[in-house]
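Presented below is the structure to which this report refers.
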Amino acid sequence: MSLERFEVARILLVDDEPAFRLLAERFLTQQGYQVSSAADLTQARQLLAKTPFDLLLLDLSLPPLFDPAATLTALPELNAQPVIILTGHADRELALQAISLGAWDFIAKPVDPDLLAVVVKRAISKHQLELELTKLKRQSSTPGALQTLVGVSRQMDTIRTLIQRIAPTEVRVLVTGPSGTGKEVISRALHQLSLRANGPFVSVHCGAIPADLLESELFGYMKGAFTGADKDRQGLLAMANGGTLFLDEIGEMPLPMQVKMLRVLQEGTYYPVGGREQKRIDVRLVSATNAVLPDLVAQGKFREDLYYRIKGITLETPALDDRREDIPLLIQHFLQQLAQAQPKGGAANQSLTLAVPALQWFLQRSWPGNVRELKNTLESVVAISQHGVVQLSDIELLHMDAGMPAQSNQLPGAAGGSPLSAAAGAELATGLSLDEQVRNLEISLLMSALQQSQGNRSQAARALGLSRQGLLKKIERYGLLDIGQQSD
Ligand SMILES: Nc1ncnc2c1ncn2[C@@H]1O[C@H](COP(=O)(O)OP(=O)(O)OP(=O)(O)O)[C@@H](O)[C@H]1O
C-alpha cells in the first residue's frame with residue numbers, strides 16, 4: 001500500500017527558530033505535505049486540539065525553559081501521532097530517553113534534508129497504515145455482530161445502521177416491538193459492537209422474577225438479610241459491572257423496584273439488601289419491552305421519570321408481517337442453524353431443505369408470533385421430516401390448516417423434480433395481493449432451484465431458463481445471497 005493512496009499528510013513543526021521553521025516548512029511543502037508550525041508547546045497544543053496531524057516534528061529546546069528534559073516530559077501526551085525529535089543536542093542519552101517515551105525517531109540539527117525526507121515519509125506511512133488497519137478491523141468486526149440479525153427489509157437495514165451508530169456510545173437504548181421480533185438479538189448486537197464488548201452482557205427478565213425476589217436478585221444481599229441468606233451474594237447489577245445490563249420486559253417491573261432502579265440510574269449507586277455499604281456500578285443500560293410504555297405511564301403502572309431515564313434512543317422492531325421480505329432469508333438462516341445442530345453420528349451436517357409447496361406454505365402464512373414463531377414452526381417440522389426434506393405432508397401432520405390452497409401446488413415431482421413444475425398448480429391464496437403471490441412464487445422457485453443445484457448458480461439459472469446475470473439480480477433483490485454462495 002503506497003502513501004499516494006492517502007490524503008495529503010499533515011505535519012506539525014514545533015521549533016522556536018523562525019528561520020528554521022521557514023526553511024523546513026518550505027522543504028516539506030515541496031515534498032507534498034501540508035505543514036503547520038508552532039513556536040512553543042502551548043501553540044502546538046492549541047493546534048493539536050483543533051486538527052489531527054499525521055506527524056509532529058518537535059525541537060527539544062523550547063521556550064520558556066529551553067530545557068530538553070522538560071520538553072521530553074510532554075512526550076507521552078503528544079503520542080497520538082508519531083513524533084520525530086529535532087535537536088541541536090546530539091546527545092545519545094537524550095535520544096534513547098525520547099525513544100523510550102514513545103518518540104518514533106530522532107534527527108540531529110543541522111538537519112540533513114534527504115534524511116529528513118526519508119524519516120518523515122516512513123513515519124507518516126506507518127501512522128496512516130495504522131489508521132487504515134484500525135478502520136479495517138472495525139469494519140470487519142461490524143458485520144460479524146450484525147450477522148445474527150438476519151433480514152433484507154428496509155426496516156432491518158435502518159436498525160442495523162442505527163445499531164452501528166449507537167453501539168460505540170454510552171447512550172441508553174430502549175428496544176420496543178411485538179414479542180419475538182428480535183429485541184434481545186438487537187440488544188446483544190449493541191453490546192457486541194460497543195466499547196464494553198469484552199465486559200459481561202447480563203440479561204434480566206423483569207417479568208419472570210417474582211416481585212419479592214427481584215431486588216435481591218438485582219442488588220444482591222448480605223448474610224442474614226433475610227431467612228435463608230446464609231452468606232453474602234452478589235447481585236446481577238454487580239455481575240454486569242463494566243458491561244451491559246439488559247432489562248427485558250421492563251414494563252413488568254414492579255413499581256417499588258422502579259423507584260430503586262431510578263436511583264441506580266441517577267446516582268450510579270445502590271445498597272445490597274441488608275447492606276450498609278454503598279456500591280458503585282458502571283453499566284450501560286439497554287431495556288426492552290413489548291408494551292407501549294407511555295400507555296403504562298398514563299395508567300400509573302410505570303414511572304414517568306424512569307421512562308425518560310431509560311428511553312435514550314428508542315429502536316422499534318416491526319412485526320414480521322410488516323416486513324415479509326425477510327421471511328425467505330430467515331428460513332434459510334434457521335435451516336442452516338438446524339443443519340449444523342444435527343446430532344453427531346446420525347445424519348450429521350446433512351443439508352435441510354423445504355420442498356416447494358412447504359416453502360410456499362411458510363411464505364404465504366401470517367406470523368403473529370413473529371420470528372420466534374417462524375423459527376419454532378420450522379424446528380418442529382424439520383424434527384418430523386425425513387431425509388432432510390420438509391414436505392407439505394409433514395407440515396400437515398402438525399398444522400391442520402396446511403393443506404388447502406398450497407396443497408394443490410404439490411404436483412408430482414414438485415419437491416424433487418423441476419422447480420418450474422410447482423408453478424403449474426399455483427392458486428390464489430386468500431389475503432395476499434397478486435404481486436405478493438407472484439413474488440412468493442418467484443422466491444420459492446429460486447430457492448428450490450438453488451437447493452437442487454446445491455448452490456451452483458449457473459446450473460440453477462439454466463433450470464429456471466434465466467441468464468446467470470438475471471438470476472444473480474433476483475437473488476440479490478430477494479436477499480437470497482446465502483443460498484447461492486457455496487459453489488458456482
Ligand atoms: N432478525 C433476526 N435474525 C435472526 N434471528 C432472529 C431475528 N429476530 C428474532 N430472531 C430469533 O427469534 C427468536 C426470538 O427473538 P428475541 O428473543 O430476540 O425476540 P424478542 O423480541 O426479544 O422477544 P420477547 O419480547 O418475547 O422477549 C430468537 O430465537 C432469535 O434468535
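In the C-alpha cells, each chain is lettered A, B, ... as it comes, each chain's residues begin at 1, and ligands are numbered from 1 in order of appearance.
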Could you name the residues that touch range 304-313 of chain A at 12 Å or less, counting only C-alpha atoms, but leaving out those on the same chain fewer than 2 positions away, as a count of residues only?
52
As a PyMOL selection string, please: every residue in range 42-286 of chain A that DSSP puts in alpha helix (DSSP H).
chain A and resi 42-50+68-73+92-100+113-146+154-166+183-192+211-219+236-239+255-267
Check the smallest atom-to-atom distance from each of A:Gly182, A:Pro52, A:Pro168, A:Gly274 to ligand 1 using only C-alpha atoms and all ligand atoms, then report the winner.
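Distance minimum relative to ligand 1 lands on A:Gly182.
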Distance query Trp367 in chain A at most 10 Å, only C-alpha atoms, self and fewer than 5 positions along chain excluded, as a ChimeraX atom specification
/A:319-322,324,327,362,372-374
The selected residues should be written to file as an mmCIF file, in the first residue's frame (atoms: N, CA and C atoms).
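After the write, again.cif holds the following:
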```cif
data_model
loop_
_atom_site.group_PDB
_atom_site.id
_atom_site.type_symbol
_atom_site.label_atom_id
_atom_site.label_comp_id
_atom_site.auth_asym_id
_atom_site.auth_seq_id
_atom_site.Cartn_x
_atom_site.Cartn_y
_atom_site.Cartn_z
ATOM 1 N N ALA A 319 -43.321 -5.852 13.342
ATOM 2 C CA ALA A 319 -43.854 -7.220 13.258
ATOM 3 C C ALA A 319 -43.352 -7.862 11.967
ATOM 4 N N LEU A 320 -43.206 -9.192 11.981
ATOM 5 C CA LEU A 320 -42.693 -9.877 10.788
ATOM 6 C C LEU A 320 -43.658 -9.711 9.613
ATOM 7 N N ASP A 321 -44.947 -9.661 9.889
ATOM 8 C CA ASP A 321 -45.908 -9.496 8.790
ATOM 9 C C ASP A 321 -45.759 -8.131 8.108
ATOM 10 N N ASP A 322 -45.106 -7.185 8.760
ATOM 11 C CA ASP A 322 -44.889 -5.872 8.131
ATOM 12 C C ASP A 322 -43.563 -5.821 7.369
ATOM 13 N N ARG A 324 -42.398 -8.808 5.292
ATOM 14 C CA ARG A 324 -42.439 -10.211 4.864
ATOM 15 C C ARG A 324 -41.273 -10.574 3.954
ATOM 16 N N ILE A 327 -38.732 -13.004 5.316
ATOM 17 C CA ILE A 327 -39.038 -14.417 5.621
ATOM 18 C C ILE A 327 -38.112 -15.403 4.894
ATOM 19 N N PHE A 362 -44.860 -21.648 4.101
ATOM 20 C CA PHE A 362 -44.160 -20.736 5.017
ATOM 21 C C PHE A 362 -44.222 -19.288 4.531
ATOM 22 N N ARG A 372 -39.941 -15.576 16.254
ATOM 23 C CA ARG A 372 -39.873 -16.720 17.169
ATOM 24 C C ARG A 372 -40.813 -17.830 16.689
ATOM 25 N N GLU A 373 -42.009 -17.440 16.262
ATOM 26 C CA GLU A 373 -42.979 -18.444 15.797
ATOM 27 C C GLU A 373 -42.466 -19.120 14.511
ATOM 28 N N LEU A 374 -41.913 -18.318 13.622
ATOM 29 C CA LEU A 374 -41.364 -18.882 12.377
ATOM 30 C C LEU A 374 -40.268 -19.907 12.712
#
```
Check which residues of chain A sit at most 7 Å from ligand 1 using only C-alpha atoms and all ligand atoms, and return one row each with the closest pair of atoms and their distance in Å to one decimal, ordered by chain and rising number, as CSV.
```
residue,atom,partner,partner_atom_place_in_ligand_line,distance
A:Thr148,CA,ligand 1,4 (C),5.4
A:Leu149,CA,ligand 1,3 (N),3.8
A:Val150,CA,ligand 1,3 (N),3.7
A:Gly151,CA,ligand 1,1 (N),5.6
A:Gly177,CA,ligand 1,21 (O),6.5
A:Pro178,CA,ligand 1,25 (O),6.1
A:Ser179,CA,ligand 1,25 (O),3.5
A:Gly180,CA,ligand 1,23 (O),3.5
A:Thr181,CA,ligand 1,21 (O),4.0
A:Gly182,CA,ligand 1,18 (O),3.2
A:Lys183,CA,ligand 1,22 (O),3.7
A:Glu184,CA,ligand 1,18 (O),3.5
A:Val185,CA,ligand 1,18 (O),4.2
A:Ile186,CA,ligand 1,18 (O),6.7
A:Asp248,CA,ligand 1,27 (O),6.6
A:Glu249,CA,ligand 1,27 (O),6.8
A:Thr289,CA,ligand 1,25 (O),6.3
A:Asn290,CA,ligand 1,25 (O),5.5
A:Leu330,CA,ligand 1,4 (C),6.4
A:Val371,CA,ligand 1,12 (O),4.7
A:Arg372,CA,ligand 1,12 (O),4.0
A:Lys375,CA,ligand 1,12 (O),6.4
```
Prev. selection, C-alpha atoms, output as a PDB file, in the first residue's frame:
```pdb
ATOM      1  CA  THR A 148     -27.017 -12.508  13.834  1.00  0.00           C
ATOM      2  CA  LEU A 149     -29.677 -10.003  12.800  1.00  0.00           C
ATOM      3  CA  VAL A 150     -30.982 -11.511   9.597  1.00  0.00           C
ATOM      4  CA  GLY A 151     -33.230  -9.606   7.199  1.00  0.00           C
ATOM      5  CA  GLY A 177     -41.777  -4.047  19.438  1.00  0.00           C
ATOM      6  CA  PRO A 178     -44.022  -7.093  19.482  1.00  0.00           C
ATOM      7  CA  SER A 179     -42.898 -10.318  21.112  1.00  0.00           C
ATOM      8  CA  GLY A 180     -40.474 -12.465  19.127  1.00  0.00           C
ATOM      9  CA  THR A 181     -39.322  -9.713  16.761  1.00  0.00           C
ATOM     10  CA  GLY A 182     -35.661  -9.868  17.810  1.00  0.00           C
ATOM     11  CA  LYS A 183     -35.390  -7.307  20.617  1.00  0.00           C
ATOM     12  CA  GLU A 184     -32.886  -9.447  22.515  1.00  0.00           C
ATOM     13  CA  VAL A 185     -30.893 -10.169  19.339  1.00  0.00           C
ATOM     14  CA  ILE A 186     -30.637  -6.405  18.777  1.00  0.00           C
ATOM     15  CA  ASP A 248     -36.028  -7.351  29.273  1.00  0.00           C
ATOM     16  CA  GLU A 249     -39.769  -6.689  29.656  1.00  0.00           C
ATOM     17  CA  THR A 289     -40.480  -4.058  26.123  1.00  0.00           C
ATOM     18  CA  ASN A 290     -43.394  -5.187  24.021  1.00  0.00           C
ATOM     19  CA  LEU A 330     -34.825 -16.092   7.902  1.00  0.00           C
ATOM     20  CA  VAL A 371     -39.648 -14.528  14.073  1.00  0.00           C
ATOM     21  CA  ARG A 372     -39.873 -16.720  17.169  1.00  0.00           C
ATOM     22  CA  LYS A 375     -38.271 -20.392  13.979  1.00  0.00           C
TER      23      LYS A 375
END
```
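When DSSP is run on the backbone, the residues of range 277-369 of chain A that fall into strand (DSSP E) are A:Lys279, A:Arg280, A:Arg284, A:Leu285, A:Val286, A:Ser287, A:Ala288, A:Thr289, A:Ile313, A:Thr314, A:Leu315, A:Glu316, A:Thr353, A:Leu354.
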Next, dump the selected residues to file, keeping only C-alpha atoms, as a compact mmCIF listing (two decimals), in the first residue's frame.
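Wrote out30.txt, looks like this:
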```
# COMPACT_ATOMS: atom_id res chain seq x y z
CA LYS A 279 -21.85 0.03 45.93
CA ARG A 280 -20.88 1.86 42.78
CA ARG A 284 -24.66 0.58 30.09
CA LEU A 285 -28.40 0.04 30.19
CA VAL A 286 -30.36 -1.47 27.34
CA SER A 287 -34.05 -2.15 28.04
CA ALA A 288 -36.72 -3.87 26.01
CA THR A 289 -40.48 -4.06 26.12
CA ILE A 313 -32.65 6.21 21.90
CA THR A 314 -35.63 4.02 21.02
CA LEU A 315 -35.31 1.27 18.41
CA GLU A 316 -38.57 -0.15 17.14
CA THR A 353 -34.42 -28.11 2.57
CA LEU A 354 -38.08 -27.32 2.13
```
Counting only C-alpha atoms, the residue of A:Pro113, A:Gly369, A:Ala339, A:Leu28 that sits nearest Gly388 in chain A
A:Ala339
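Relative to CA of Gly242 in chain A, CA of Leu213 in chain A is found at 23.8 Å.
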Between CA of Ile11 in chain A and CA of Asp67 in chain A, what distance in Å does the model show, to one decimal?
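Between CA of Ile11 in chain A and CA of Asp67 in chain A the gap is 23.3 Å.
What separates CA of Glu379 in chain A from CA of Leu471 in chain A is a distance of 29.1 Å.
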